[in-house]
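Chemist: Let me begin by handing over the structure; questions about it come next.
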Amino acid sequence: QVQLVESGGGLVQPGGSLRLSCVASGDIVSINAMGWYRQAPGKQRELVARITSAGSINYADSREGRFTISRDNAKNTVYLQLNSLKPEDTAVYYCSYTDAHGRGSWGQGTQVTVSS
């Protein structure tokens with residue numbers, strides 16, 4: 001079992017930046033990939049970015065080059081750098097993991113609100 005704890009969300013003005021963090025604990029050797037998803041009010045949860053244990057990265061097209069996923073293996077942490085934020089980026093951002101069998105879980109989420 002892996003536990004995920006997100007942090008770093010908050011209120012930011014349009015054009016601003018945030019860095020989200022996701023710390024994994026527990027059976028971390030089972031992690032095959034970690035990802036960031038987001039869910040805006042009234043919308044389905046969608047992929048933002050994903051990074052595998054081998055370092056392969058994929059992004060949703062909607063990121064438009066503004067978001068960057070990275071990881072620090074020594075800290076068991078995955079980051080999501082959010083730049084040039086827009087009001088439409090407002091959502092709860094969730095961290096997730098999957099193991100080699102496709103099983104996984106979610107963190108509790110962190111709210112990102114982009115508003116002037």
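Here, A, B, ... name the chains of the structure tokens in the order displayed, residue numbers run from 1 inside each chain, and ligands are numbered from 1 in the same displayed order.
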For Val23 (chain A), work out the shell of residues within 12 Å, counting only C-alpha atoms and skipping chain neighbours fewer than 6 positions away, then give it as a PDB file with C-alpha atoms, in the first residue's frame.

Modeler:
ATOM      1  CA  VAL A   2       1.204   3.480  -0.901  1.00  0.00           C
ATOM      2  CA  GLN A   3       0.033   6.678   0.732  1.00  0.00           C
ATOM      3  CA  LEU A   4       0.125   9.967  -1.126  1.00  0.00           C
ATOM      4  CA  VAL A   5      -0.009  13.443   0.378  1.00  0.00           C
ATOM      5  CA  GLU A   6      -0.314  16.508  -1.829  1.00  0.00           C
ATOM      6  CA  SER A   7       0.495  20.082  -0.902  1.00  0.00           C
ATOM      7  CA  GLY A   8       1.223  23.420  -2.516  1.00  0.00           C
ATOM      8  CA  MET A  34       2.949   8.623 -10.676  1.00  0.00           C
ATOM      9  CA  GLY A  35       0.740  11.263 -12.127  1.00  0.00           C
ATOM     10  CA  ARG A  71      10.534  13.979  -9.283  1.00  0.00           C
ATOM     11  CA  ASP A  72      13.053  13.718  -6.479  1.00  0.00           C
ATOM     12  CA  ASN A  73      13.628  10.046  -5.772  1.00  0.00           C
ATOM     13  CA  ALA A  74      15.591  10.768  -2.615  1.00  0.00           C
ATOM     14  CA  LYS A  75      12.554  12.521  -1.169  1.00  0.00           C
ATOM     15  CA  ASN A  76       9.950  10.141  -2.684  1.00  0.00           C
ATOM     16  CA  THR A  77       8.325  13.257  -4.078  1.00  0.00           C
ATOM     17  CA  VAL A  78       6.799  14.206  -7.414  1.00  0.00           C
ATOM     18  CA  TYR A  79       6.297  17.852  -8.278  1.00  0.00           C
ATOM     19  CA  LEU A  80       4.047  19.705 -10.671  1.00  0.00           C
ATOM     20  CA  TYR A  94      -4.806  14.988  -7.361  1.00  0.00           C
ATOM     21  CA  CYS A  95      -1.691  12.884  -7.214  1.00  0.00           C
ATOM     22  CA  SER A  96      -1.948   9.218  -8.120  1.00  0.00           C
ATOM     23  CA  TYR A  97       0.216   6.170  -8.512  1.00  0.00           C
ATOM     24  CA  TRP A 106      -5.189   8.752  -5.109  1.00  0.00           C
ATOM     25  CA  GLY A 107      -4.139  11.415  -2.705  1.00  0.00           C
ATOM     26  CA  GLN A 108      -6.652  13.662  -1.007  1.00  0.00           C
TER      27      GLN A 108
END

Chemist: List the spatial neighbours of region 48-56 of chain A as a list in words - criterion: any atom at most 8 Å away, only C-alpha atoms, same-chain residues fewer than 6 positions off excluded.

Modeler: Ile31, Asn32, Ala33, Met34, Gly35, Trp36, Tyr37, Arg38, Ser62, Arg63, Thr68, Ile69 and Ser70 of chain A

Chemist: Can you write just those residues out, N, CA and C atoms, as a PDB file, in the first residue's frame?

Modeler:
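Saved to result10.pdb:
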ATOM      1  N   ILE A  31       5.818   1.234  -6.886  1.00  0.00           N
ATOM      2  CA  ILE A  31       5.321   2.290  -7.771  1.00  0.00           C
ATOM      3  C   ILE A  31       5.917   2.143  -9.162  1.00  0.00           C
ATOM      4  N   ASN A  32       5.045   2.084 -10.158  1.00  0.00           N
ATOM      5  CA  ASN A  32       5.470   2.023 -11.549  1.00  0.00           C
ATOM      6  C   ASN A  32       5.391   3.392 -12.200  1.00  0.00           C
ATOM      7  N   ALA A  33       4.421   4.177 -11.803  1.00  0.00           N
ATOM      8  CA  ALA A  33       4.244   5.513 -12.362  1.00  0.00           C
ATOM      9  C   ALA A  33       3.477   6.372 -11.372  1.00  0.00           C
ATOM     10  N   MET A  34       3.721   7.663 -11.462  1.00  0.00           N
ATOM     11  CA  MET A  34       2.949   8.623 -10.676  1.00  0.00           C
ATOM     12  C   MET A  34       2.453   9.710 -11.603  1.00  0.00           C
ATOM     13  N   GLY A  35       1.317  10.265 -11.251  1.00  0.00           N
ATOM     14  CA  GLY A  35       0.740  11.263 -12.127  1.00  0.00           C
ATOM     15  C   GLY A  35      -0.015  12.330 -11.371  1.00  0.00           C
ATOM     16  N   TRP A  36      -0.254  13.396 -12.067  1.00  0.00           N
ATOM     17  CA  TRP A  36      -1.107  14.481 -11.572  1.00  0.00           C
ATOM     18  C   TRP A  36      -2.344  14.569 -12.454  1.00  0.00           C
ATOM     19  N   TYR A  37      -3.484  14.641 -11.799  1.00  0.00           N
ATOM     20  CA  TYR A  37      -4.760  14.809 -12.457  1.00  0.00           C
ATOM     21  C   TYR A  37      -5.438  16.019 -11.843  1.00  0.00           C
ATOM     22  N   ARG A  38      -6.464  16.513 -12.525  1.00  0.00           N
ATOM     23  CA  ARG A  38      -7.222  17.614 -11.952  1.00  0.00           C
ATOM     24  C   ARG A  38      -8.700  17.434 -12.271  1.00  0.00           C
ATOM     25  N   SER A  62      -3.544  19.785 -23.126  1.00  0.00           N
ATOM     26  CA  SER A  62      -4.084  21.044 -22.620  1.00  0.00           C
ATOM     27  C   SER A  62      -3.077  21.845 -21.800  1.00  0.00           C
ATOM     28  N   ARG A  63      -1.924  21.245 -21.460  1.00  0.00           N
ATOM     29  CA  ARG A  63      -0.992  21.980 -20.617  1.00  0.00           C
ATOM     30  C   ARG A  63      -0.323  23.128 -21.363  1.00  0.00           C
ATOM     31  N   THR A  68       5.057  21.492 -15.753  1.00  0.00           N
ATOM     32  CA  THR A  68       6.208  20.597 -15.793  1.00  0.00           C
ATOM     33  C   THR A  68       6.151  19.632 -14.624  1.00  0.00           C
ATOM     34  N   ILE A  69       6.242  18.344 -14.916  1.00  0.00           N
ATOM     35  CA  ILE A  69       6.287  17.329 -13.870  1.00  0.00           C
ATOM     36  C   ILE A  69       7.749  16.925 -13.659  1.00  0.00           C
ATOM     37  N   SER A  70       8.111  16.699 -12.413  1.00  0.00           N
ATOM     38  CA  SER A  70       9.463  16.252 -12.094  1.00  0.00           C
ATOM     39  C   SER A  70       9.401  15.419 -10.820  1.00  0.00           C
TER      40      SER A  70
END

Chemist: Taking the DSSP secondary structure from the backbone, can you list the residues of region 20-103 of chain A that are strand (DSSP E), as a PyMOL selection string?

Modeler: chain A and resi 20-26+31-39+46-52+57-59+67-72+77-82+91-99

Chemist: Go ahead and save the picked residues with N, CA and C atoms, as a compact mmCIF listing (two decimals), in the first residue's frame.

Modeler:
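Just written: part.txt:
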# COMPACT_ATOMS: atom_id res chain seq x y z
N LEU A 20 3.21 22.25 -6.95
CA LEU A 20 2.54 21.23 -6.16
C LEU A 20 3.53 20.11 -5.85
N SER A 21 3.38 19.54 -4.66
CA SER A 21 4.23 18.43 -4.24
C SER A 21 3.37 17.25 -3.86
N CYS A 22 3.88 16.07 -4.12
CA CYS A 22 3.21 14.83 -3.73
C CYS A 22 4.26 13.90 -3.12
N VAL A 23 4.10 13.65 -1.84
CA VAL A 23 5.03 12.78 -1.13
C VAL A 23 4.43 11.39 -1.00
N ALA A 24 5.18 10.40 -1.42
CA ALA A 24 4.73 9.01 -1.34
C ALA A 24 5.40 8.32 -0.16
N SER A 25 4.65 7.48 0.51
CA SER A 25 5.19 6.69 1.62
C SER A 25 4.58 5.31 1.57
N GLY A 26 5.18 4.39 2.31
CA GLY A 26 4.69 3.01 2.33
C GLY A 26 5.48 2.15 1.36
N ILE A 31 5.82 1.23 -6.89
CA ILE A 31 5.32 2.29 -7.77
C ILE A 31 5.92 2.14 -9.16
N ASN A 32 5.05 2.08 -10.16
CA ASN A 32 5.47 2.02 -11.55
C ASN A 32 5.39 3.39 -12.20
N ALA A 33 4.42 4.18 -11.80
CA ALA A 33 4.24 5.51 -12.36
C ALA A 33 3.48 6.37 -11.37
N MET A 34 3.72 7.66 -11.46
CA MET A 34 2.95 8.62 -10.68
C MET A 34 2.45 9.71 -11.60
N GLY A 35 1.32 10.27 -11.25
CA GLY A 35 0.74 11.26 -12.13
C GLY A 35 -0.02 12.33 -11.37
N TRP A 36 -0.25 13.40 -12.07
CA TRP A 36 -1.11 14.48 -11.57
C TRP A 36 -2.34 14.57 -12.45
N TYR A 37 -3.48 14.64 -11.80
CA TYR A 37 -4.76 14.81 -12.46
C TYR A 37 -5.44 16.02 -11.84
N ARG A 38 -6.46 16.51 -12.53
CA ARG A 38 -7.22 17.61 -11.95
C ARG A 38 -8.70 17.43 -12.27
N GLN A 39 -9.51 17.99 -11.39
CA GLN A 39 -10.95 17.92 -11.56
C GLN A 39 -11.55 19.27 -11.22
N GLU A 46 -9.23 14.69 -15.11
CA GLU A 46 -8.43 14.55 -16.33
C GLU A 46 -6.94 14.52 -16.00
N LEU A 47 -6.22 13.83 -16.84
CA LEU A 47 -4.77 13.75 -16.69
C LEU A 47 -4.13 15.11 -16.97
N VAL A 48 -3.15 15.47 -16.14
CA VAL A 48 -2.34 16.65 -16.40
C VAL A 48 -0.95 16.21 -16.87
N ALA A 49 -0.33 15.33 -16.10
CA ALA A 49 1.02 14.86 -16.44
C ALA A 49 1.29 13.56 -15.70
N ARG A 50 2.21 12.77 -16.26
CA ARG A 50 2.51 11.46 -15.68
C ARG A 50 3.99 11.17 -15.89
N ILE A 51 4.61 10.55 -14.88
CA ILE A 51 6.02 10.18 -14.99
C ILE A 51 6.18 8.75 -14.49
N THR A 52 6.91 7.94 -15.25
CA THR A 52 7.11 6.56 -14.86
C THR A 52 8.39 6.42 -14.03
N ILE A 57 7.95 10.60 -19.47
CA ILE A 57 6.96 11.62 -19.11
C ILE A 57 5.97 11.80 -20.24
N ASN A 58 4.71 11.95 -19.88
CA ASN A 58 3.73 12.38 -20.86
C ASN A 58 2.81 13.41 -20.24
N TYR A 59 2.39 14.33 -21.08
CA TYR A 59 1.54 15.45 -20.67
C TYR A 59 0.24 15.43 -21.46
N PHE A 67 3.03 23.57 -17.83
CA PHE A 67 3.18 22.72 -16.66
C PHE A 67 4.36 21.78 -16.84
N THR A 68 5.06 21.49 -15.75
CA THR A 68 6.21 20.60 -15.79
C THR A 68 6.15 19.63 -14.62
N ILE A 69 6.24 18.34 -14.92
CA ILE A 69 6.29 17.33 -13.87
C ILE A 69 7.75 16.92 -13.66
N SER A 70 8.11 16.70 -12.41
CA SER A 70 9.46 16.25 -12.09
C SER A 70 9.40 15.42 -10.82
N ARG A 71 10.53 14.81 -10.48
CA ARG A 71 10.53 13.98 -9.28
C ARG A 71 11.88 14.07 -8.58
N ASP A 72 11.85 13.81 -7.30
CA ASP A 72 13.05 13.72 -6.48
C ASP A 72 12.98 12.36 -5.79
N THR A 77 9.23 12.15 -3.80
CA THR A 77 8.32 13.26 -4.08
C THR A 77 8.25 13.52 -5.58
N VAL A 78 7.04 13.77 -6.05
CA VAL A 78 6.80 14.21 -7.41
C VAL A 78 6.24 15.62 -7.35
N TYR A 79 6.71 16.45 -8.25
CA TYR A 79 6.30 17.85 -8.28
C TYR A 79 5.53 18.15 -9.57
N LEU A 80 4.69 19.16 -9.48
CA LEU A 80 4.05 19.70 -10.67
C LEU A 80 4.20 21.22 -10.61
N GLN A 81 5.01 21.74 -11.50
CA GLN A 81 5.20 23.18 -11.60
C GLN A 81 4.15 23.74 -12.54
N LEU A 82 3.38 24.69 -12.03
CA LEU A 82 2.31 25.31 -12.80
C LEU A 82 2.69 26.75 -13.05
N ALA A 91 -9.04 24.08 -10.17
CA ALA A 91 -9.48 22.69 -10.00
C ALA A 91 -8.85 22.13 -8.73
N VAL A 92 -9.34 20.97 -8.34
CA VAL A 92 -8.63 20.19 -7.34
C VAL A 92 -7.62 19.31 -8.09
N TYR A 93 -6.38 19.39 -7.68
CA TYR A 93 -5.31 18.62 -8.31
C TYR A 93 -5.00 17.41 -7.43
N TYR A 94 -5.02 16.25 -8.06
CA TYR A 94 -4.81 14.99 -7.36
C TYR A 94 -3.53 14.32 -7.84
N CYS A 95 -2.84 13.73 -6.91
CA CYS A 95 -1.69 12.88 -7.21
C CYS A 95 -2.17 11.44 -7.22
N SER A 96 -1.59 10.63 -8.08
CA SER A 96 -1.95 9.22 -8.12
C SER A 96 -0.71 8.38 -8.39
N TYR A 97 -0.84 7.11 -8.14
CA TYR A 97 0.22 6.17 -8.51
C TYR A 97 -0.42 4.91 -9.07
N THR A 98 0.36 4.19 -9.87
CA THR A 98 -0.04 2.86 -10.31
C THR A 98 1.16 1.93 -10.14
N ASP A 99 0.85 0.66 -9.86
CA ASP A 99 1.91 -0.33 -9.79
C ASP A 99 1.99 -1.08 -11.11

Chemist: From the options A:Glu64, A:Gly104, A:Leu85, A:Ala40, which residue's atoms come nearest to Ser17 (chain A), counting only C-alpha atoms?

Modeler: A:Leu85

Chemist: Within 10 Å of Val12 (chain A), counting only C-alpha atoms, which residues qualify if same-chain residues fewer than 4 places away don't, as a ChimeraX atom specification?

Modeler: /A:16-18,85-87,90,112-116

Chemist: Any chance you can output those residues with C-alpha atoms as a JSON list (two decimals), in the first residue's frame?

Modeler:
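Contents of selection.json, as written:
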[["chain", "number", "residue", "atom", "x", "y", "z"],
["A", 16, "GLY", "CA", 1.05, 33.38, -11.49],
["A", 17, "SER", "CA", 2.80, 30.16, -10.58],
["A", 18, "LEU", "CA", 2.50, 27.36, -8.06],
["A", 85, "LEU", "CA", -1.91, 30.02, -14.66],
["A", 86, "LYS", "CA", -5.32, 30.82, -16.08],
["A", 87, "PRO", "CA", -8.73, 30.91, -14.40],
["A", 90, "THR", "CA", -8.89, 26.21, -11.27],
["A", 112, "VAL", "CA", -5.75, 25.43, -6.97],
["A", 113, "THR", "CA", -7.76, 28.59, -7.51],
["A", 114, "VAL", "CA", -6.75, 31.10, -10.15],
["A", 115, "SER", "CA", -8.57, 34.38, -9.71],
["A", 116, "SER", "CA", -7.94, 38.10, -9.57]]

Chemist: Tell me, in Å to one decimal, how far CA of Pro14 (chain A) is from CA of Ala60 (chain A).

Modeler: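 Interatomic distance here is 20.4 Å.
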
Chemist: List every residue of chain A that DSSP, applied to the backbone of this structure, places in helix (DSSP H, G or I), and write the result as a VMD selection string.

Modeler: chain A and resid 28 to 30 61 to 63 73 to 75 87 to 89
